[in-house]
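Source file: upload_39.cif (mmCIF, C-alpha atoms)
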data_start
#
loop_
_atom_site.label_atom_id
_atom_site.label_comp_id
_atom_site.auth_asym_id
_atom_site.auth_seq_id
_atom_site.Cartn_x
_atom_site.Cartn_y
_atom_site.Cartn_z
CA MET A 1 60.11 -22.53 16.17
CA ILE A 2 57.61 -23.63 13.53
CA LYS A 3 56.74 -27.34 13.36
CA HIS A 4 55.99 -29.84 10.63
CA LYS A 5 52.29 -30.63 10.28
CA ILE A 6 51.10 -34.20 10.82
CA ASP A 7 47.95 -35.57 9.14
CA LYS A 8 46.67 -39.12 9.63
CA ILE A 9 45.69 -40.42 6.20
CA SER A 10 44.80 -44.06 6.93
CA PRO A 11 44.87 -46.44 9.91
CA ARG A 12 48.63 -46.97 9.60
CA SER A 13 49.82 -44.01 7.52
CA TYR A 14 50.58 -40.35 8.15
CA ARG A 15 51.56 -37.39 6.00
CA ILE A 16 54.27 -35.07 7.34
CA ASP A 17 53.92 -31.70 5.63
CA GLU A 18 57.25 -29.85 5.55
CA PHE A 19 55.85 -26.33 5.69
CA GLY A 20 53.95 -26.61 2.41
CA LEU A 21 57.17 -27.33 0.49
CA VAL A 22 57.23 -31.12 0.23
CA ASN A 23 55.56 -34.19 1.73
CA ALA A 24 57.04 -37.10 3.67
CA PHE A 25 55.02 -40.09 4.84
CA ILE A 26 55.21 -42.50 7.77
CA ILE A 27 53.77 -46.03 7.61
CA VAL A 28 53.67 -47.81 10.95
CA GLY A 29 53.91 -51.60 11.01
CA ASP A 30 53.80 -53.93 14.00
CA GLU A 31 57.61 -54.08 14.24
CA LYS A 32 59.04 -51.17 12.21
CA ALA A 33 57.95 -47.92 10.60
CA ALA A 34 58.83 -46.70 7.11
CA LEU A 35 59.62 -43.08 6.34
CA ILE A 36 58.93 -42.35 2.67
CA ASP A 37 61.17 -39.40 1.74
CA THR A 38 62.98 -37.09 4.13
CA GLY A 39 62.20 -33.63 2.83
CA LEU A 40 64.76 -30.86 2.46
CA GLY A 41 66.63 -31.65 5.65
CA LEU A 42 65.15 -28.76 7.61
CA LEU A 43 65.18 -29.01 11.39
CA GLY A 44 62.52 -30.91 13.31
CA LEU A 45 61.64 -33.96 11.19
CA LYS A 46 62.98 -36.59 13.61
CA GLU A 47 61.18 -34.95 16.51
CA CYS A 48 58.00 -34.92 14.44
CA ILE A 49 58.32 -38.65 13.76
CA LYS A 50 58.65 -39.35 17.49
CA GLU A 51 55.17 -37.87 17.95
CA ILE A 52 53.87 -40.63 15.67
CA THR A 53 55.93 -43.68 16.63
CA ASP A 54 58.97 -44.84 18.57
CA LYS A 55 59.49 -47.91 16.36
CA GLU A 56 62.67 -48.54 14.38
CA ILE A 57 62.67 -46.45 11.19
CA VAL A 58 63.40 -47.67 7.66
CA VAL A 59 63.87 -44.88 5.10
CA LEU A 60 62.49 -45.34 1.57
CA LEU A 61 63.40 -42.61 -0.92
CA THR A 62 61.21 -42.10 -3.97
CA HIS A 63 64.18 -40.49 -5.74
CA GLY A 64 67.44 -38.71 -5.09
CA HIS A 65 66.49 -35.07 -5.61
CA PRO A 66 67.51 -33.00 -2.59
CA ASP A 67 63.98 -31.82 -1.81
CA HIS A 68 63.11 -35.48 -1.11
CA ALA A 69 66.44 -36.94 0.04
CA GLY A 70 67.78 -33.79 1.70
CA GLY A 71 67.18 -35.11 5.20
CA ALA A 72 68.50 -38.64 4.65
CA HIS A 73 71.75 -37.85 6.47
CA ASN A 74 69.73 -37.45 9.68
CA PHE A 75 68.91 -41.18 9.57
CA LYS A 76 72.38 -42.71 9.42
CA ASP A 77 71.34 -45.11 12.19
CA SER A 78 68.54 -46.46 9.93
CA GLU A 79 68.46 -48.58 6.80
CA ILE A 80 68.07 -46.20 3.85
CA TYR A 81 66.83 -47.47 0.48
CA MET A 82 67.07 -45.70 -2.88
CA ASN A 83 67.47 -46.87 -6.44
CA GLU A 84 71.16 -46.76 -7.34
CA LYS A 85 70.47 -44.92 -10.61
CA ASP A 86 69.88 -41.78 -8.53
CA LYS A 87 73.23 -41.93 -6.75
CA ASP A 88 74.88 -38.49 -6.59
CA LEU A 89 71.86 -36.94 -8.34
CA LYS A 90 71.78 -33.15 -8.46
CA LEU A 91 68.88 -30.83 -9.12
CA TRP A 92 69.65 -27.80 -11.31
CA GLY A 93 73.30 -28.16 -10.31
CA TYR A 94 72.58 -28.28 -6.58
CA GLU A 95 73.58 -31.09 -4.24
CA CYS A 96 71.86 -31.87 -0.91
CA ASN A 97 73.25 -28.91 1.04
CA ASN A 98 72.29 -25.63 2.65
CA ALA A 99 72.79 -23.69 -0.58
CA PHE A 100 70.03 -25.81 -2.09
CA ARG A 101 67.81 -25.41 0.99
CA ARG A 102 68.14 -21.62 0.85
CA MET A 103 67.37 -21.55 -2.88
CA TYR A 104 64.36 -23.85 -2.43
CA VAL A 105 62.94 -21.85 0.47
CA GLU A 106 63.45 -18.56 -1.37
CA THR A 107 61.74 -19.73 -4.57
CA ARG A 108 58.86 -21.61 -2.93
CA GLY A 109 58.38 -20.06 0.50
CA LYS A 110 55.38 -17.79 0.83
CA ASP A 111 54.81 -15.55 3.82
CA ASN A 112 57.09 -17.22 6.35
CA LEU A 113 60.58 -16.87 4.88
CA ASP A 114 62.20 -15.81 8.15
CA ASP A 115 60.73 -18.85 9.91
CA LEU A 116 61.93 -21.14 7.12
CA TYR A 117 65.43 -19.66 7.17
CA SER A 118 65.56 -20.45 10.90
CA MET A 119 64.88 -24.12 10.10
CA ILE A 120 68.01 -24.52 7.93
CA PRO A 121 70.54 -26.48 9.99
CA ALA A 122 73.94 -25.05 10.86
CA ASP A 123 75.61 -28.39 10.13
CA ASP A 124 76.08 -28.93 6.39
CA ASP A 125 77.23 -32.57 6.54
CA ASN A 126 74.74 -34.24 4.20
CA SER A 127 76.45 -37.55 3.45
CA TYR A 128 74.62 -40.86 3.79
CA SER A 129 74.87 -44.39 2.48
CA PHE A 130 71.98 -46.40 1.08
CA ARG A 131 70.96 -49.83 -0.13
CA ASN A 132 69.75 -50.28 -3.68
CA ILE A 133 66.04 -50.91 -4.08
CA LYS A 134 64.55 -52.21 -7.30
CA ASP A 135 61.31 -53.32 -8.88
CA CYS A 136 59.16 -55.69 -6.77
CA ASP A 137 61.43 -55.54 -3.70
CA GLU A 138 59.38 -55.74 -0.50
CA ILE A 139 60.04 -54.15 2.88
CA ASP A 140 58.34 -56.05 5.71
CA LEU A 141 57.30 -53.81 8.60
CA GLY A 142 55.50 -56.54 10.51
CA GLY A 143 51.85 -57.06 9.66
CA ILE A 144 52.20 -55.00 6.49
CA ALA A 145 54.70 -54.86 3.63
CA ILE A 146 55.64 -52.14 1.15
CA LYS A 147 56.43 -53.07 -2.45
CA ALA A 148 58.79 -51.00 -4.60
CA ILE A 149 57.74 -50.17 -8.15
CA GLU A 150 60.34 -48.62 -10.43
CA THR A 151 58.76 -45.59 -12.11
CA PRO A 152 61.54 -43.84 -14.06
CA SER A 153 61.04 -40.59 -15.99
CA HIS A 154 61.16 -37.69 -13.49
CA THR A 155 64.52 -39.25 -12.60
CA GLU A 156 66.06 -42.48 -13.87
CA GLY A 157 65.91 -44.00 -10.39
CA SER A 158 62.42 -42.90 -9.36
CA VAL A 159 60.50 -45.48 -7.32
CA SER A 160 56.89 -45.54 -6.15
CA TYR A 161 55.80 -47.54 -3.12
CA LEU A 162 52.67 -49.68 -2.95
CA LEU A 163 50.98 -50.36 0.39
CA GLU A 164 48.49 -52.93 -0.81
CA GLU A 165 47.00 -53.54 2.64
CA GLU A 166 45.68 -49.99 2.66
CA ARG A 167 45.37 -49.70 -1.15
CA LEU A 168 47.70 -46.68 -1.31
CA LEU A 169 50.35 -45.81 -3.89
CA PHE A 170 53.03 -43.35 -2.79
CA SER A 171 54.13 -41.88 -6.12
CA GLY A 172 56.58 -39.14 -5.10
CA ASP A 173 57.18 -36.90 -8.11
CA SER A 174 56.63 -39.67 -10.68
CA ILE A 175 52.94 -38.76 -10.73
CA ASN A 176 51.72 -35.57 -9.13
CA CYS A 177 49.62 -32.58 -10.14
CA SER A 178 52.40 -31.02 -12.25
CA VAL A 179 55.07 -33.44 -13.45
CA ILE A 180 58.50 -32.16 -14.52
CA LEU A 181 60.73 -34.00 -17.03
CA LEU A 182 64.14 -32.44 -17.56
CA ARG A 183 65.60 -31.76 -21.00
CA ASP A 184 67.94 -34.44 -22.39
CA GLU A 185 71.09 -33.72 -24.37
CA GLU A 186 69.38 -34.49 -27.70
CA ASN A 187 66.42 -32.22 -26.89
CA SER A 188 64.20 -35.18 -27.77
CA LEU A 189 60.92 -36.60 -26.50
CA LYS A 190 62.70 -39.64 -25.06
CA LYS A 191 61.67 -38.78 -21.50
CA VAL A 192 58.05 -38.36 -22.59
CA GLU A 193 58.23 -41.86 -24.11
CA GLU A 194 59.65 -43.18 -20.84
CA PHE A 195 56.94 -41.37 -18.89
CA ASN A 196 54.27 -42.85 -21.16
CA LEU A 197 55.53 -46.38 -20.48
CA MET A 198 55.64 -45.67 -16.76
CA CYS A 199 52.00 -44.54 -16.81
CA GLU A 200 51.06 -47.73 -18.64
CA LYS A 201 52.85 -49.76 -15.98
CA LEU A 202 51.05 -48.03 -13.11
CA LEU A 203 47.70 -48.43 -14.86
CA SER A 204 48.31 -52.18 -15.14
CA LEU A 205 48.68 -52.25 -11.34
CA SER A 206 45.66 -50.03 -10.65
CA PRO A 207 43.48 -52.87 -9.27
CA LEU A 208 45.88 -52.91 -6.27
CA TYR A 209 45.39 -49.30 -5.11
CA ASP A 210 42.61 -46.75 -4.82
CA VAL A 211 44.41 -43.44 -4.36
CA LEU A 212 47.81 -41.79 -4.85
CA LEU A 213 49.86 -40.01 -2.20
CA ILE A 214 51.97 -37.41 -4.00
CA GLY A 215 55.23 -35.65 -3.19
CA HIS A 216 54.00 -32.05 -3.22
CA GLY A 217 50.66 -30.55 -2.27
CA GLY A 218 47.71 -32.87 -2.01
CA PRO A 219 48.55 -35.19 -0.46
CA PHE A 220 45.81 -37.22 -2.16
CA ALA A 221 45.34 -37.55 -5.93
CA GLU A 222 42.79 -39.67 -7.75
CA LYS A 223 44.26 -42.56 -9.70
CA SER A 224 42.38 -41.28 -12.75
CA LEU A 225 45.20 -38.71 -12.88
CA ILE A 226 47.43 -41.47 -14.27
CA GLU A 227 44.94 -42.07 -17.09
CA ASP A 228 45.00 -38.35 -17.89
CA TYR A 229 48.81 -38.37 -18.00
CA LYS A 230 48.83 -41.47 -20.20
CA THR A 231 46.44 -39.79 -22.64
CA LEU A 232 48.38 -36.53 -22.57
CA SER A 233 51.73 -38.20 -23.23
CA ASP A 234 50.13 -40.21 -26.05
CA MET A 235 48.94 -36.94 -27.57
CA ILE A 236 52.37 -35.32 -27.28
CA LEU A 237 54.10 -38.28 -28.93
CA GLU A 238 51.48 -38.37 -31.71
CA ASN A 239 51.63 -34.56 -32.14
CA LYS A 240 47.93 -34.27 -31.34
CA VAL A 241 48.14 -31.58 -28.67
CA LEU A 242 49.55 -28.08 -28.67
CA TRP A 243 52.37 -27.26 -26.30
CA LYS A 244 54.54 -24.20 -25.82
CA TYR A 245 57.58 -23.08 -23.89
CA GLU A 246 56.55 -21.35 -20.66
CA GLN A 247 58.13 -20.00 -17.52
CA ARG A 248 56.10 -20.17 -14.31
CA GLY A 249 57.91 -19.65 -11.07
CA PHE A 250 60.81 -22.11 -11.01
CA ARG A 251 59.44 -24.08 -13.99
CA LYS A 252 60.92 -23.40 -17.45
CA GLY A 253 60.13 -25.72 -20.33
CA ASP A 254 57.58 -27.02 -22.80
CA VAL A 255 54.22 -27.67 -21.17
CA ALA A 256 51.02 -29.40 -22.30
CA ARG A 257 47.79 -29.95 -20.40
CA TYR A 258 44.88 -32.37 -20.55
CA LYS A 259 42.08 -32.54 -17.98
CA SER A 260 43.82 -32.81 -14.57
CA ALA A 261 47.28 -33.50 -16.05
CA GLU A 262 50.01 -30.89 -16.53
CA LEU A 263 53.24 -32.19 -18.05
CA TRP A 264 56.36 -30.04 -18.22
CA PHE A 265 58.96 -31.62 -20.49
CA ARG A 266 62.26 -30.63 -22.07
CA CYS A 267 62.62 -28.48 -18.97
CA ASP A 268 65.59 -26.25 -18.24
CA SER A 269 64.50 -26.05 -14.59
#
So that I can check it, write out the structure of this file as structure tokens.
Amino acid sequence: MIKHKIDKISPRSYRIDEFGLVNAFIIVGDEKAALIDTGLGLLGLKECIKEITDKEIVVLLTHGHPDHAGGAHNFKDSEIYMNEKDKDLKLWGYECNNAFRRMYVETRGKDNLDDLYSMIPADDDNSYSFRNIKDCDEIDLGGIAIKAIETPSHTEGSVSYLLEEERLLFSGDSINCSVILLRDEENSLKKVEEFNLMCEKLLSLSPLYDVLLIGHGGPFAEKSLIEDYKTLSDMILENKVLWKYEQRGFRKGDVARYKSAELWFRCDS
């Protein structure tokens, strides 16, 4: 059976790479450990965490999409936090279930599809309950604390997590190397406006962190990426950059680029 990959990224923090598909992170405090995102819900994540720590786990979801919250049901004995705006959130019509996992593996898996299929659980019970988390809430792990920062745009309930003691910002899909904003009913630039304000908010907090930990790839991204996204979204809103409708893999939508930023908006998938 293939295993998740563990990388130590700071004295108290680890990246758990779910087979190149999505990242989860563990932050180990003196009393508890926080799991930021739970991946697709493929087999082996809990066993992987036990290699890092045996402390009580608190789950912090960056958002409700099933590639990040798909394993939350495996932590029913833990406190799970997510912003309530992402309750019952679907992605392209999919809920957190094995149909989604198969689709995700098939569209993003590379040379190890058979291995990935074997990691899809037989049990398709994906229900879980959660506590609402909102802007400036803090989770004390003992010796260190994690602060929630609401960063809506990718989803309405997206949250980033600041670990000021290690000067890290866990940004999920709010800021990564290729941000996706879904199309709204009016086919407007409303989500780009929301994204622009979110970038401005994160830039105002930039003295508190040195690097981003992102939800896919990476896991590190320079915080200058936020400046590039702020500039790019300014240019879109002011009609000062060319964009066009593209399809690349699973992405379908308008896309514009500036330096290290790639923003897909008014996306159909």
Under the rule that all atoms listed in the file are counted, which of A:Leu203, A:Tyr81, A:Lys3, A:Cys177 is the nearest residue to Glu18 (chain A)?
A:Lys3
Mind running region 194-269 of chain A against region 150-154 of chain A at 6 Å and telling me each contacting residue's nearest atom pair with the distance in Å (one decimal), counting all atoms listed in the file, chain and number ascending, as CSV?
residue,atom,partner,partner_atom,distance
A:Glu194,CA,A:Ser153,CA,5.7
A:Phe195,CA,A:Ser153,CA,5.1
A:Met198,CA,A:Thr151,CA,5.6
Between region 134-199 of chain A and region 223-237 of chain A, at 8 Å or less, what are the per-residue closest atom pairs and their distances in Å? Count only C-alpha atoms, order by chain and rising residue number, and return it as a Markdown table.
| residue | atom | partner | partner_atom | distance |
| --- | --- | --- | --- | --- |
| A:Ile175 | CA | A:Ile226 | CA | 7.1 |
| A:Leu189 | CA | A:Leu237 | CA | 7.4 |
| A:Val192 | CA | A:Ser233 | CA | 6.4 |
| A:Glu193 | CA | A:Leu237 | CA | 7.3 |
| A:Phe195 | CA | A:Ser233 | CA | 7.5 |
| A:Asn196 | CA | A:Ser233 | CA | 5.7 |
| A:Cys199 | CA | A:Lys230 | CA | 5.6 |
Let's have the selection written as a CSV table (one decimal), keeping the file's coordinate frame, with C-alpha atoms.
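Output saved as selection-v2.csv:
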chain,number,residue,atom,x,y,z
A,175,ILE,CA,52.9,-38.8,-10.7
A,189,LEU,CA,60.9,-36.6,-26.5
A,192,VAL,CA,58.0,-38.4,-22.6
A,193,GLU,CA,58.2,-41.9,-24.1
A,195,PHE,CA,56.9,-41.4,-18.9
A,196,ASN,CA,54.3,-42.8,-21.2
A,199,CYS,CA,52.0,-44.5,-16.8
Explicit residues for the PyMOL selection byres ((chain A and resi 68) around 10) (as a list in words):
Val22, Asn23, Ala24, Ile36, Asp37, Thr38, Gly39, Leu40, Gly41, Leu61, Thr62, His63, Gly64, His65, Pro66, Asp67, Ala69, Gly70, Gly71, Ala72, Cys96, Gly172, Asp173, Gly215 and His216 of chain A
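All residues of protein, DNA or RNA that reach within 9 Å of Ile80 (chain A), judged by all atoms listed in the file and not counting those fewer than 2 positions away in the chain, are Val58, Val59, Leu60, Leu61, Ala72, Phe75, Lys76, Ser78, Met82, Tyr128, Ser129, Phe130, Arg131 and Asn132 of chain A.
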